[in-house]
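Asker: Dropping the structure in here first, questions after.
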Amino acid sequence: MGKRIFLIVLDSVGIGAEPDAAEYGDEGSNTLAACATSENFSMPNMQKLGLFNLDGVTCRPGEPEPQAAFARLREVSKGKDTTIGHWEIAGINSPKPLPTYPNGFPPEVIREFEEKTGRRVLCNKPYSGTDVIRDYGKEHVETGALIVYTSADSVFQIAAHESVVPLEELYRDCRIAREILTGKHGVGRVIARPFVGESPDFTRTSNRHDFSIQPPKVTMLDQLSENGLSVIAVGKINDIFAGKGIGEAIHTKDNPDGIERTIELTGRDFEGLCFVNLVDFDMLYGHRNDVEGYAKALSYFDRKLPEIIQGLRPDDLLMITADHGCDPITPSTDHSREYIPWVIYGNAVRRGTNLGTLPTFADIGATILDYFGIAPKITGRSRLDQIIK
């Protein structure tokens with residue numbers, strides 16, 4: 001049976017402000033430490049692996065004999081969003097941030113979008129996803145106009161009531177926006193944000209769908225696929241990479257669902273990568289400054305971790321990382337420019353190996369390719385010789 005790697009991204013679980021965090025307004029941010037202030041925070045299994053032995057992590061005692069190898073990674077790309085973070089993990093350095101729209105999208109973009117969808121636009125400014133349906137939902141239901149909004153991230157979000165704009169039409173409208181938003185307006189993601197209910201008690205559904213810009217260069221996913229290896233995407237990974245380099249996509253409705261799908265996949269025969277994103281940390285808790293919810297979600301993942309580990313085979317590797325921060329204690333509800341953890345577990349791993357602080361997230365992608373005997377064509381340096389016996 002072939003080798004497998006399970007790469008799990010704990011979306012937004014940053015571990016402390018990077019040296020340039022002040023340029024992003026994120027000085028002092030530390031998502032993990034913020035969550036550790038909660039009585040609901042309990043991560044004994046990650047502690048055993050070495051999470052709290054990482055450079056700069058002081059919110060819990062380190063493990064005397066960690067069971068994994070580990071490192072703290074710094075982002076070399078400009079930006080702090082999901083797309084840029086995942087792309088860097090997969091080997092792309094983004095020297096320019098994706099465009100953001102603090103004053104809303106320009107008239108020419110909105111005009112073309114309205115003409116091609118046949119629906120008027122409401123809002124068109126940065127907004128919280130829950131607040132925007134509270135404030136514009138009633139008018140949307142009455143008029144059929146689409147609620148378009150953005151955030152500090154490079155996103156064009158479209159909210160619509162499922163009884164007013166059927167899902168397939170909403171997804172079609174997102175594809176229209178995706179075709180419009182190229183070149184200088186090439187935002188990272190166009191996101192469908194369907195909701196249900198009656199005013200003022202609207203609630204978002206799990207039918208969210210992301211339409212990402214295509215990665216501009218070769219990624220580790222492309223290289224794995226080209227070499228005949230499986231690339232299984234769980235959660236929003238397929239959306240983030242616009243399907244590029246991915247063989248199978250498994251969509252999930254929340255973190256518990258994503259964790260269960262991952263556990264199931266440990267029982268499946270394949271050779272290659274299972275790439276998982278657990279989005280609730282970011283979407284439900286980080287962006288809403290919900291420290292208690294965030295802490296509970298981390299504790300739940302930790303409780304389920306032994307089941308994932310139990311499913312590993314002798315040649316498997318488990319890698320746990322993040323893509324940026326989203327500190328739930330700072331006044332901001334946006335992502336934060338933070339280091340990320342990289343914890344590597346498996347039979348062949350040199351336990352207790354501390355790689356220190358590494359210069360790019362892309363070392364993950366280069367190491368994964370190296371494990372499968374593929375020479376990386378991506379940025380990043382393989383650390384395989386340091387972590388494997």
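Each chain in the structure tokens gets a letter, A, B, ..., in the order shown, and its residues are numbered from 1; ligands are numbered from 1 in order too.
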Quick one: residues within 9 Å of Ile388 (chain A), only C-alpha atoms, excluding same-chain residues fewer than 2 positions away - as a ChimeraX atom specification?

Answerer: /A:348-350,383-386

Asker: Please produce an output containing C-alpha atoms for each residue in the selection, written as a compact mmCIF listing (two decimals), in the first residue's frame.

Answerer:
```
# COMPACT_ATOMS: atom_id res chain seq x y z
CA ALA A 348 9.03 7.56 10.62
CA VAL A 349 9.19 11.03 12.20
CA ARG A 350 12.04 11.99 14.52
CA ARG A 383 12.77 19.66 5.51
CA LEU A 384 12.32 15.92 5.05
CA ASP A 385 15.91 15.02 5.92
CA GLN A 386 15.51 16.82 9.26
```

Asker: Would you list, as a PDB file with N, CA and C atoms, in the first residue's frame, the residues of region 109-310 of chain A that end up in helix (DSSP H, G or I) under DSSP run on this structure's backbone?

Answerer:
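Listed below is the output, selection-v4.pdb:
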```pdb
ATOM      1  N   VAL A 109     -17.683  47.998 -12.220  1.00  0.00           N
ATOM      2  CA  VAL A 109     -17.809  46.574 -11.872  1.00  0.00           C
ATOM      3  C   VAL A 109     -19.262  46.250 -11.519  1.00  0.00           C
ATOM      4  N   ILE A 110     -19.856  47.090 -10.666  1.00  0.00           N
ATOM      5  CA  ILE A 110     -21.246  46.857 -10.230  1.00  0.00           C
ATOM      6  C   ILE A 110     -22.211  46.972 -11.399  1.00  0.00           C
ATOM      7  N   ARG A 111     -21.959  47.947 -12.272  1.00  0.00           N
ATOM      8  CA  ARG A 111     -22.844  48.155 -13.425  1.00  0.00           C
ATOM      9  C   ARG A 111     -22.843  46.919 -14.338  1.00  0.00           C
ATOM     10  N   GLU A 112     -21.651  46.406 -14.637  1.00  0.00           N
ATOM     11  CA  GLU A 112     -21.557  45.219 -15.504  1.00  0.00           C
ATOM     12  C   GLU A 112     -22.206  44.004 -14.828  1.00  0.00           C
ATOM     13  N   PHE A 113     -22.004  43.883 -13.522  1.00  0.00           N
ATOM     14  CA  PHE A 113     -22.586  42.763 -12.778  1.00  0.00           C
ATOM     15  C   PHE A 113     -24.118  42.831 -12.816  1.00  0.00           C
ATOM     16  N   GLU A 114     -24.668  44.038 -12.619  1.00  0.00           N
ATOM     17  CA  GLU A 114     -26.130  44.198 -12.659  1.00  0.00           C
ATOM     18  C   GLU A 114     -26.688  43.880 -14.045  1.00  0.00           C
ATOM     19  N   GLU A 115     -25.984  44.340 -15.081  1.00  0.00           N
ATOM     20  CA  GLU A 115     -26.449  44.095 -16.456  1.00  0.00           C
ATOM     21  C   GLU A 115     -26.478  42.603 -16.775  1.00  0.00           C
ATOM     22  N   LYS A 116     -25.424  41.896 -16.345  1.00  0.00           N
ATOM     23  CA  LYS A 116     -25.294  40.480 -16.721  1.00  0.00           C
ATOM     24  C   LYS A 116     -26.150  39.547 -15.863  1.00  0.00           C
ATOM     25  N   THR A 117     -26.451  39.964 -14.632  1.00  0.00           N
ATOM     26  CA  THR A 117     -27.295  39.113 -13.777  1.00  0.00           C
ATOM     27  C   THR A 117     -28.769  39.478 -13.894  1.00  0.00           C
ATOM     28  N   GLY A 129     -20.918  39.502   7.687  1.00  0.00           N
ATOM     29  CA  GLY A 129     -21.872  38.659   6.971  1.00  0.00           C
ATOM     30  C   GLY A 129     -23.200  38.481   7.675  1.00  0.00           C
ATOM     31  N   THR A 130     -23.169  38.471   9.017  1.00  0.00           N
ATOM     32  CA  THR A 130     -24.432  38.336   9.750  1.00  0.00           C
ATOM     33  C   THR A 130     -25.166  39.681   9.823  1.00  0.00           C
ATOM     34  N   ASP A 131     -24.409  40.760   9.962  1.00  0.00           N
ATOM     35  CA  ASP A 131     -25.023  42.094  10.034  1.00  0.00           C
ATOM     36  C   ASP A 131     -25.653  42.494   8.705  1.00  0.00           C
ATOM     37  N   VAL A 132     -25.013  42.089   7.595  1.00  0.00           N
ATOM     38  CA  VAL A 132     -25.481  42.557   6.292  1.00  0.00           C
ATOM     39  C   VAL A 132     -26.854  41.971   5.950  1.00  0.00           C
ATOM     40  N   ILE A 133     -27.106  40.713   6.359  1.00  0.00           N
ATOM     41  CA  ILE A 133     -28.434  40.158   6.070  1.00  0.00           C
ATOM     42  C   ILE A 133     -29.482  40.721   7.037  1.00  0.00           C
ATOM     43  N   ARG A 134     -29.052  41.094   8.234  1.00  0.00           N
ATOM     44  CA  ARG A 134     -29.971  41.750   9.173  1.00  0.00           C
ATOM     45  C   ARG A 134     -30.394  43.122   8.640  1.00  0.00           C
ATOM     46  N   ASP A 135     -29.408  43.858   8.080  1.00  0.00           N
ATOM     47  CA  ASP A 135     -29.671  45.236   7.658  1.00  0.00           C
ATOM     48  C   ASP A 135     -30.258  45.350   6.245  1.00  0.00           C
ATOM     49  N   TYR A 136     -29.952  44.392   5.375  1.00  0.00           N
ATOM     50  CA  TYR A 136     -30.406  44.484   3.987  1.00  0.00           C
ATOM     51  C   TYR A 136     -31.324  43.334   3.571  1.00  0.00           C
ATOM     52  N   GLY A 137     -31.488  42.342   4.457  1.00  0.00           N
ATOM     53  CA  GLY A 137     -32.266  41.153   4.094  1.00  0.00           C
ATOM     54  C   GLY A 137     -33.698  41.455   3.708  1.00  0.00           C
ATOM     55  N   LYS A 138     -34.346  42.328   4.472  1.00  0.00           N
ATOM     56  CA  LYS A 138     -35.761  42.633   4.217  1.00  0.00           C
ATOM     57  C   LYS A 138     -35.929  43.279   2.841  1.00  0.00           C
ATOM     58  N   GLU A 139     -35.077  44.266   2.539  1.00  0.00           N
ATOM     59  CA  GLU A 139     -35.159  44.942   1.232  1.00  0.00           C
ATOM     60  C   GLU A 139     -34.868  43.954   0.103  1.00  0.00           C
ATOM     61  N   HIS A 140     -33.903  43.060   0.336  1.00  0.00           N
ATOM     62  CA  HIS A 140     -33.582  42.034  -0.665  1.00  0.00           C
ATOM     63  C   HIS A 140     -34.810  41.160  -0.958  1.00  0.00           C
ATOM     64  N   VAL A 141     -35.468  40.700   0.098  1.00  0.00           N
ATOM     65  CA  VAL A 141     -36.636  39.823  -0.085  1.00  0.00           C
ATOM     66  C   VAL A 141     -37.750  40.560  -0.828  1.00  0.00           C
ATOM     67  N   GLU A 142     -37.913  41.838  -0.523  1.00  0.00           N
ATOM     68  CA  GLU A 142     -38.986  42.626  -1.151  1.00  0.00           C
ATOM     69  C   GLU A 142     -38.690  42.977  -2.608  1.00  0.00           C
ATOM     70  N   THR A 143     -37.406  43.176  -2.943  1.00  0.00           N
ATOM     71  CA  THR A 143     -37.058  43.687  -4.278  1.00  0.00           C
ATOM     72  C   THR A 143     -36.353  42.665  -5.176  1.00  0.00           C
ATOM     73  N   LEU A 167     -30.546  28.532  -5.361  1.00  0.00           N
ATOM     74  CA  LEU A 167     -29.105  28.306  -5.233  1.00  0.00           C
ATOM     75  C   LEU A 167     -28.391  28.291  -6.567  1.00  0.00           C
ATOM     76  N   GLU A 168     -28.955  27.579  -7.553  1.00  0.00           N
ATOM     77  CA  GLU A 168     -28.264  27.484  -8.842  1.00  0.00           C
ATOM     78  C   GLU A 168     -28.135  28.846  -9.507  1.00  0.00           C
ATOM     79  N   GLU A 169     -29.147  29.706  -9.314  1.00  0.00           N
ATOM     80  CA  GLU A 169     -29.045  31.062  -9.873  1.00  0.00           C
ATOM     81  C   GLU A 169     -27.987  31.861  -9.130  1.00  0.00           C
ATOM     82  N   LEU A 170     -27.936  31.713  -7.811  1.00  0.00           N
ATOM     83  CA  LEU A 170     -26.910  32.417  -7.025  1.00  0.00           C
ATOM     84  C   LEU A 170     -25.513  31.982  -7.458  1.00  0.00           C
ATOM     85  N   TYR A 171     -25.335  30.693  -7.646  1.00  0.00           N
ATOM     86  CA  TYR A 171     -24.027  30.196  -8.091  1.00  0.00           C
ATOM     87  C   TYR A 171     -23.700  30.706  -9.500  1.00  0.00           C
ATOM     88  N   ARG A 172     -24.715  30.775 -10.343  1.00  0.00           N
ATOM     89  CA  ARG A 172     -24.506  31.332 -11.695  1.00  0.00           C
ATOM     90  C   ARG A 172     -24.082  32.795 -11.603  1.00  0.00           C
ATOM     91  N   ASP A 173     -24.741  33.557 -10.717  1.00  0.00           N
ATOM     92  CA  ASP A 173     -24.377  34.965 -10.527  1.00  0.00           C
ATOM     93  C   ASP A 173     -22.930  35.099 -10.037  1.00  0.00           C
ATOM     94  N   CYS A 174     -22.507  34.148  -9.193  1.00  0.00           N
ATOM     95  CA  CYS A 174     -21.118  34.159  -8.715  1.00  0.00           C
ATOM     96  C   CYS A 174     -20.149  33.895  -9.862  1.00  0.00           C
ATOM     97  N   ARG A 175     -20.527  32.990 -10.753  1.00  0.00           N
ATOM     98  CA  ARG A 175     -19.656  32.712 -11.907  1.00  0.00           C
ATOM     99  C   ARG A 175     -19.562  33.939 -12.820  1.00  0.00           C
ATOM    100  N   ILE A 176     -20.669  34.660 -12.951  1.00  0.00           N
ATOM    101  CA  ILE A 176     -20.657  35.907 -13.725  1.00  0.00           C
ATOM    102  C   ILE A 176     -19.681  36.896 -13.088  1.00  0.00           C
ATOM    103  N   ALA A 177     -19.777  37.049 -11.763  1.00  0.00           N
ATOM    104  CA  ALA A 177     -18.863  37.958 -11.050  1.00  0.00           C
ATOM    105  C   ALA A 177     -17.418  37.509 -11.220  1.00  0.00           C
ATOM    106  N   ARG A 178     -17.203  36.201 -11.156  1.00  0.00           N
ATOM    107  CA  ARG A 178     -15.840  35.668 -11.290  1.00  0.00           C
ATOM    108  C   ARG A 178     -15.247  36.025 -12.649  1.00  0.00           C
ATOM    109  N   GLU A 179     -16.085  35.977 -13.709  1.00  0.00           N
ATOM    110  CA  GLU A 179     -15.608  36.324 -15.055  1.00  0.00           C
ATOM    111  C   GLU A 179     -15.310  37.825 -15.169  1.00  0.00           C
ATOM    112  N   ILE A 180     -16.068  38.634 -14.448  1.00  0.00           N
ATOM    113  CA  ILE A 180     -15.859  40.088 -14.479  1.00  0.00           C
ATOM    114  C   ILE A 180     -14.599  40.468 -13.705  1.00  0.00           C
ATOM    115  N   GLY A 183      -7.841  40.548 -13.895  1.00  0.00           N
ATOM    116  CA  GLY A 183      -6.879  41.647 -14.038  1.00  0.00           C
ATOM    117  C   GLY A 183      -6.719  42.410 -12.744  1.00  0.00           C
ATOM    118  N   LYS A 184      -6.806  43.732 -12.812  1.00  0.00           N
ATOM    119  CA  LYS A 184      -6.590  44.549 -11.604  1.00  0.00           C
ATOM    120  C   LYS A 184      -7.678  44.330 -10.561  1.00  0.00           C
ATOM    121  N   HIS A 185      -8.842  43.827 -10.995  1.00  0.00           N
ATOM    122  CA  HIS A 185      -9.927  43.523 -10.051  1.00  0.00           C
ATOM    123  C   HIS A 185     -10.019  42.018  -9.760  1.00  0.00           C
ATOM    124  N   MET A 220       2.131  22.369  -5.436  1.00  0.00           N
ATOM    125  CA  MET A 220       2.432  20.967  -5.098  1.00  0.00           C
ATOM    126  C   MET A 220       1.284  20.052  -5.520  1.00  0.00           C
ATOM    127  N   LEU A 221       0.053  20.579  -5.552  1.00  0.00           N
ATOM    128  CA  LEU A 221      -1.098  19.769  -5.964  1.00  0.00           C
ATOM    129  C   LEU A 221      -0.957  19.360  -7.425  1.00  0.00           C
ATOM    130  N   ASP A 222      -0.534  20.314  -8.271  1.00  0.00           N
ATOM    131  CA  ASP A 222      -0.303  20.000  -9.683  1.00  0.00           C
ATOM    132  C   ASP A 222       0.765  18.923  -9.820  1.00  0.00           C
ATOM    133  N   GLN A 223       1.852  19.089  -9.087  1.00  0.00           N
ATOM    134  CA  GLN A 223       2.951  18.125  -9.203  1.00  0.00           C
ATOM    135  C   GLN A 223       2.560  16.734  -8.717  1.00  0.00           C
ATOM    136  N   LEU A 224       1.801  16.680  -7.639  1.00  0.00           N
ATOM    137  CA  LEU A 224       1.329  15.373  -7.148  1.00  0.00           C
ATOM    138  C   LEU A 224       0.442  14.696  -8.197  1.00  0.00           C
ATOM    139  N   SER A 225      -0.507  15.464  -8.743  1.00  0.00           N
ATOM    140  CA  SER A 225      -1.431  14.911  -9.746  1.00  0.00           C
ATOM    141  C   SER A 225      -0.695  14.467 -11.001  1.00  0.00           C
ATOM    142  N   GLU A 226       0.252  15.285 -11.458  1.00  0.00           N
ATOM    143  CA  GLU A 226       1.013  14.955 -12.669  1.00  0.00           C
ATOM    144  C   GLU A 226       1.800  13.654 -12.500  1.00  0.00           C
ATOM    145  N   ILE A 237     -10.914  23.374   0.357  1.00  0.00           N
ATOM    146  CA  ILE A 237      -9.648  23.304  -0.380  1.00  0.00           C
ATOM    147  C   ILE A 237      -9.875  23.372  -1.890  1.00  0.00           C
ATOM    148  N   ASN A 238     -10.859  22.616  -2.382  1.00  0.00           N
ATOM    149  CA  ASN A 238     -11.138  22.621  -3.821  1.00  0.00           C
ATOM    150  C   ASN A 238     -11.495  24.020  -4.308  1.00  0.00           C
ATOM    151  N   ASP A 239     -12.269  24.745  -3.513  1.00  0.00           N
ATOM    152  CA  ASP A 239     -12.649  26.113  -3.880  1.00  0.00           C
ATOM    153  C   ASP A 239     -11.425  27.029  -3.908  1.00  0.00           C
ATOM    154  N   ILE A 240     -10.561  26.908  -2.904  1.00  0.00           N
ATOM    155  CA  ILE A 240      -9.400  27.798  -2.775  1.00  0.00           C
ATOM    156  C   ILE A 240      -8.470  27.671  -3.983  1.00  0.00           C
ATOM    157  N   ASN A 255     -16.988  21.890  10.876  1.00  0.00           N
ATOM    158  CA  ASN A 255     -15.783  21.207  11.365  1.00  0.00           C
ATOM    159  C   ASN A 255     -16.024  19.739  11.718  1.00  0.00           C
ATOM    160  N   PRO A 256     -17.052  19.424  12.528  1.00  0.00           N
ATOM    161  CA  PRO A 256     -17.246  18.010  12.863  1.00  0.00           C
ATOM    162  C   PRO A 256     -17.389  17.128  11.619  1.00  0.00           C
ATOM    163  N   ASP A 257     -18.098  17.627  10.604  1.00  0.00           N
ATOM    164  CA  ASP A 257     -18.262  16.883   9.355  1.00  0.00           C
ATOM    165  C   ASP A 257     -16.906  16.676   8.687  1.00  0.00           C
ATOM    166  N   GLY A 258     -16.095  17.731   8.636  1.00  0.00           N
ATOM    167  CA  GLY A 258     -14.767  17.633   8.028  1.00  0.00           C
ATOM    168  C   GLY A 258     -13.873  16.649   8.759  1.00  0.00           C
ATOM    169  N   ILE A 259     -13.963  16.655  10.079  1.00  0.00           N
ATOM    170  CA  ILE A 259     -13.164  15.721  10.889  1.00  0.00           C
ATOM    171  C   ILE A 259     -13.617  14.287  10.636  1.00  0.00           C
ATOM    172  N   GLU A 260     -14.934  14.057  10.581  1.00  0.00           N
ATOM    173  CA  GLU A 260     -15.448  12.705  10.318  1.00  0.00           C
ATOM    174  C   GLU A 260     -15.036  12.210   8.936  1.00  0.00           C
ATOM    175  N   ARG A 261     -15.097  13.102   7.929  1.00  0.00           N
ATOM    176  CA  ARG A 261     -14.678  12.696   6.582  1.00  0.00           C
ATOM    177  C   ARG A 261     -13.198  12.311   6.588  1.00  0.00           C
ATOM    178  N   THR A 262     -12.397  13.045   7.348  1.00  0.00           N
ATOM    179  CA  THR A 262     -10.956  12.757   7.424  1.00  0.00           C
ATOM    180  C   THR A 262     -10.717  11.402   8.077  1.00  0.00           C
ATOM    181  N   ILE A 263     -11.429  11.144   9.165  1.00  0.00           N
ATOM    182  CA  ILE A 263     -11.303   9.848   9.844  1.00  0.00           C
ATOM    183  C   ILE A 263     -11.677   8.714   8.880  1.00  0.00           C
ATOM    184  N   GLU A 264     -12.763   8.914   8.123  1.00  0.00           N
ATOM    185  CA  GLU A 264     -13.173   7.906   7.143  1.00  0.00           C
ATOM    186  C   GLU A 264     -12.088   7.671   6.093  1.00  0.00           C
ATOM    187  N   LEU A 265     -11.440   8.750   5.668  1.00  0.00           N
ATOM    188  CA  LEU A 265     -10.419   8.631   4.624  1.00  0.00           C
ATOM    189  C   LEU A 265      -9.170   7.909   5.106  1.00  0.00           C
ATOM    190  N   THR A 266      -8.929   7.907   6.415  1.00  0.00           N
ATOM    191  CA  THR A 266      -7.784   7.135   6.912  1.00  0.00           C
ATOM    192  C   THR A 266      -7.995   5.648   6.673  1.00  0.00           C
ATOM    193  N   ASP A 280     -14.480  26.411  10.430  1.00  0.00           N
ATOM    194  CA  ASP A 280     -15.308  27.019  11.480  1.00  0.00           C
ATOM    195  C   ASP A 280     -14.515  27.912  12.428  1.00  0.00           C
ATOM    196  N   PHE A 281     -13.255  27.533  12.710  1.00  0.00           N
ATOM    197  CA  PHE A 281     -12.439  28.350  13.618  1.00  0.00           C
ATOM    198  C   PHE A 281     -12.459  29.806  13.158  1.00  0.00           C
ATOM    199  N   ASP A 282     -12.277  29.995  11.862  1.00  0.00           N
ATOM    200  CA  ASP A 282     -12.213  31.329  11.272  1.00  0.00           C
ATOM    201  C   ASP A 282     -13.596  31.931  11.074  1.00  0.00           C
ATOM    202  N   MET A 283     -14.442  31.197  10.341  1.00  0.00           N
ATOM    203  CA  MET A 283     -15.726  31.749   9.884  1.00  0.00           C
ATOM    204  C   MET A 283     -16.704  31.993  11.034  1.00  0.00           C
ATOM    205  N   LEU A 284     -16.803  31.029  11.940  1.00  0.00           N
ATOM    206  CA  LEU A 284     -17.806  31.141  13.003  1.00  0.00           C
ATOM    207  C   LEU A 284     -17.303  31.848  14.256  1.00  0.00           C
ATOM    208  N   TYR A 285     -16.006  31.770  14.514  1.00  0.00           N
ATOM    209  CA  TYR A 285     -15.506  32.239  15.818  1.00  0.00           C
ATOM    210  C   TYR A 285     -14.490  33.380  15.722  1.00  0.00           C
ATOM    211  N   GLY A 286     -13.488  33.252  14.864  1.00  0.00           N
ATOM    212  CA  GLY A 286     -12.490  34.318  14.744  1.00  0.00           C
ATOM    213  C   GLY A 286     -13.097  35.622  14.275  1.00  0.00           C
ATOM    214  N   VAL A 291     -14.435  34.157  21.561  1.00  0.00           N
ATOM    215  CA  VAL A 291     -13.320  33.429  22.181  1.00  0.00           C
ATOM    216  C   VAL A 291     -13.783  32.066  22.687  1.00  0.00           C
ATOM    217  N   GLU A 292     -14.933  32.037  23.354  1.00  0.00           N
ATOM    218  CA  GLU A 292     -15.408  30.782  23.948  1.00  0.00           C
ATOM    219  C   GLU A 292     -15.735  29.748  22.870  1.00  0.00           C
ATOM    220  N   GLY A 293     -16.400  30.191  21.812  1.00  0.00           N
ATOM    221  CA  GLY A 293     -16.721  29.279  20.715  1.00  0.00           C
ATOM    222  C   GLY A 293     -15.460  28.744  20.044  1.00  0.00           C
ATOM    223  N   TYR A 294     -14.490  29.632  19.857  1.00  0.00           N
ATOM    224  CA  TYR A 294     -13.218  29.244  19.240  1.00  0.00           C
ATOM    225  C   TYR A 294     -12.521  28.196  20.113  1.00  0.00           C
ATOM    226  N   ALA A 295     -12.457  28.465  21.414  1.00  0.00           N
ATOM    227  CA  ALA A 295     -11.798  27.544  22.340  1.00  0.00           C
ATOM    228  C   ALA A 295     -12.479  26.181  22.358  1.00  0.00           C
ATOM    229  N   LYS A 296     -13.805  26.184  22.350  1.00  0.00           N
ATOM    230  CA  LYS A 296     -14.551  24.908  22.325  1.00  0.00           C
ATOM    231  C   LYS A 296     -14.263  24.131  21.035  1.00  0.00           C
ATOM    232  N   ALA A 297     -14.189  24.848  19.904  1.00  0.00           N
ATOM    233  CA  ALA A 297     -13.929  24.185  18.624  1.00  0.00           C
ATOM    234  C   ALA A 297     -12.525  23.575  18.592  1.00  0.00           C
ATOM    235  N   LEU A 298     -11.557  24.284  19.147  1.00  0.00           N
ATOM    236  CA  LEU A 298     -10.197  23.740  19.223  1.00  0.00           C
ATOM    237  C   LEU A 298     -10.160  22.504  20.127  1.00  0.00           C
ATOM    238  N   SER A 299     -10.866  22.576  21.230  1.00  0.00           N
ATOM    239  CA  SER A 299     -10.906  21.448  22.172  1.00  0.00           C
ATOM    240  C   SER A 299     -11.583  20.241  21.535  1.00  0.00           C
ATOM    241  N   TYR A 300     -12.620  20.492  20.728  1.00  0.00           N
ATOM    242  CA  TYR A 300     -13.298  19.390  20.028  1.00  0.00           C
ATOM    243  C   TYR A 300     -12.339  18.715  19.052  1.00  0.00           C
ATOM    244  N   PHE A 301     -11.622  19.529  18.272  1.00  0.00           N
ATOM    245  CA  PHE A 301     -10.639  18.944  17.350  1.00  0.00           C
ATOM    246  C   PHE A 301      -9.632  18.092  18.123  1.00  0.00           C
ATOM    247  N   ASP A 302      -9.166  18.610  19.230  1.00  0.00           N
ATOM    248  CA  ASP A 302      -8.168  17.881  20.012  1.00  0.00           C
ATOM    249  C   ASP A 302      -8.715  16.540  20.518  1.00  0.00           C
ATOM    250  N   ARG A 303      -9.982  16.540  20.928  1.00  0.00           N
ATOM    251  CA  ARG A 303     -10.601  15.287  21.410  1.00  0.00           C
ATOM    252  C   ARG A 303     -10.707  14.253  20.294  1.00  0.00           C
ATOM    253  N   LYS A 304     -10.908  14.722  19.063  1.00  0.00           N
ATOM    254  CA  LYS A 304     -11.066  13.806  17.924  1.00  0.00           C
ATOM    255  C   LYS A 304      -9.715  13.391  17.319  1.00  0.00           C
ATOM    256  N   LEU A 305      -8.663  14.104  17.665  1.00  0.00           N
ATOM    257  CA  LEU A 305      -7.349  13.846  17.073  1.00  0.00           C
ATOM    258  C   LEU A 305      -6.891  12.389  17.229  1.00  0.00           C
ATOM    259  N   PRO A 306      -7.072  11.750  18.407  1.00  0.00           N
ATOM    260  CA  PRO A 306      -6.652  10.349  18.531  1.00  0.00           C
ATOM    261  C   PRO A 306      -7.309   9.419  17.511  1.00  0.00           C
ATOM    262  N   GLU A 307      -8.553   9.734  17.106  1.00  0.00           N
ATOM    263  CA  GLU A 307      -9.223   8.894  16.106  1.00  0.00           C
ATOM    264  C   GLU A 307      -8.554   9.015  14.739  1.00  0.00           C
ATOM    265  N   ILE A 308      -8.094  10.231  14.421  1.00  0.00           N
ATOM    266  CA  ILE A 308      -7.359  10.430  13.161  1.00  0.00           C
ATOM    267  C   ILE A 308      -6.033   9.671  13.229  1.00  0.00           C
ATOM    268  N   ILE A 309      -5.326   9.833  14.347  1.00  0.00           N
ATOM    269  CA  ILE A 309      -4.024   9.172  14.520  1.00  0.00           C
ATOM    270  C   ILE A 309      -4.164   7.655  14.471  1.00  0.00           C
ATOM    271  N   GLN A 310      -5.242   7.165  15.056  1.00  0.00           N
ATOM    272  CA  GLN A 310      -5.480   5.714  15.093  1.00  0.00           C
ATOM    273  C   GLN A 310      -5.601   5.125  13.685  1.00  0.00           C
TER     274      GLN A 310
END
```

Asker: For a quick check of understanding, using only C-alpha atoms, which of A:Gly267, A:Pro64, A:Pro216, A:Pro359 has the smallest distance to Ala242 (chain A)?

Answerer: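 Among the listed residues, the smallest separation from Ala242 (chain A) belongs to A:Pro216.
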
Asker: Residues of region 334-366 of chain A within 9 Å of region 29-45 of chain A: nearest atom pair and distance (Å, one decimal) for each, counting only C-alpha atoms, sorted by chain and number, as a tab-separated table?

Answerer:
```
residue	atom	partner	partner_atom	distance
A:Ser336	CA	A:Ser29	CA	6.6
A:Arg337	CA	A:Ser29	CA	7.7
A:Glu338	CA	A:Asn30	CA	7.1
A:Tyr339	CA	A:Asn30	CA	8.8
```

Asker: Need the shell around Tyr149 (chain A): protein/DNA/RNA residues with any atom at most 6 Å away, counting only C-alpha atoms. Skip same-chain ones fewer than 5 positions apart. Format as a ChimeraX atom specification?

Answerer: /A:124-126,157

Asker: Kindly indicate which residue among A:Ala21, A:Ala68, A:Val276, A:Ala375 lies nearest to Gly50 (chain A), using only C-alpha atoms for the distances.

Answerer: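 Closest residue, counting only C-alpha atoms: A:Ala68.
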
Asker: So that I can check the surroundings of Gly235 (chain A), please list as a ChimeraX atom specification every protein, DNA and RNA residue that reaches within 7 Å of it, counting only C-alpha atoms and ignoring chain neighbours fewer than 3 positions away.

Answerer: /A:250-252,258,276-278

Asker: Would you mind listing what lies within 7 Å of His335 (chain A) as JSON, numbers by chain, with only C-alpha atoms counted and same-chain residues fewer than 4 positions away left out?

Answerer: {"A": [80, 81, 324, 325, 326]}

Asker: Calculate how many Å separate CA of Pro166 (chain A) from CA of Thr100 (chain A), rounding to one decimal.

Answerer: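 Separation of CA of Pro166 (chain A) and CA of Thr100 (chain A): 28.0 Å.
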
Asker: Would you return as a PyMOL selection string the members of region 81-176 of chain A that DSSP assigns to strand (DSSP E) on this structure's backbone?

Answerer: chain A and resi 121-126+146-150+155-161

Asker: For Arg381 (chain A), please output as a list in words all residues within 8 Å (counting only C-alpha atoms; exclusion window: fewer than 5 positions along the same chain).

Answerer: Ala362, Asp363, Ala366 and Thr367 of chain A

Asker: Would you compute the distance between CA of Gln47 (chain A) and CA of Gln67 (chain A)? Give it in Å to one decimal.

Answerer: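 CA of Gln67 (chain A) lies 9.2 Å from CA of Gln47 (chain A).
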
Asker: What's around Asn93 (chain A) at 8 Å? Count only C-alpha atoms, leave out sequence neighbours fewer than 5 positions away in its own chain, and write the answer as a CSV table (one decimal) with C-alpha atoms, in the first residue's frame.

Answerer:
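Saved the output as out_0.csv:
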```csv
chain,number,residue,atom,x,y,z
A,76,VAL,CA,6.7,35.5,2.9
A,77,SER,CA,3.7,36.5,0.7
A,87,TRP,CA,-1.3,29.1,-2.0
A,88,GLU,CA,1.9,29.6,-0.1
A,362,ALA,CA,6.0,26.8,1.2
A,379,THR,CA,9.2,27.8,-3.8
```
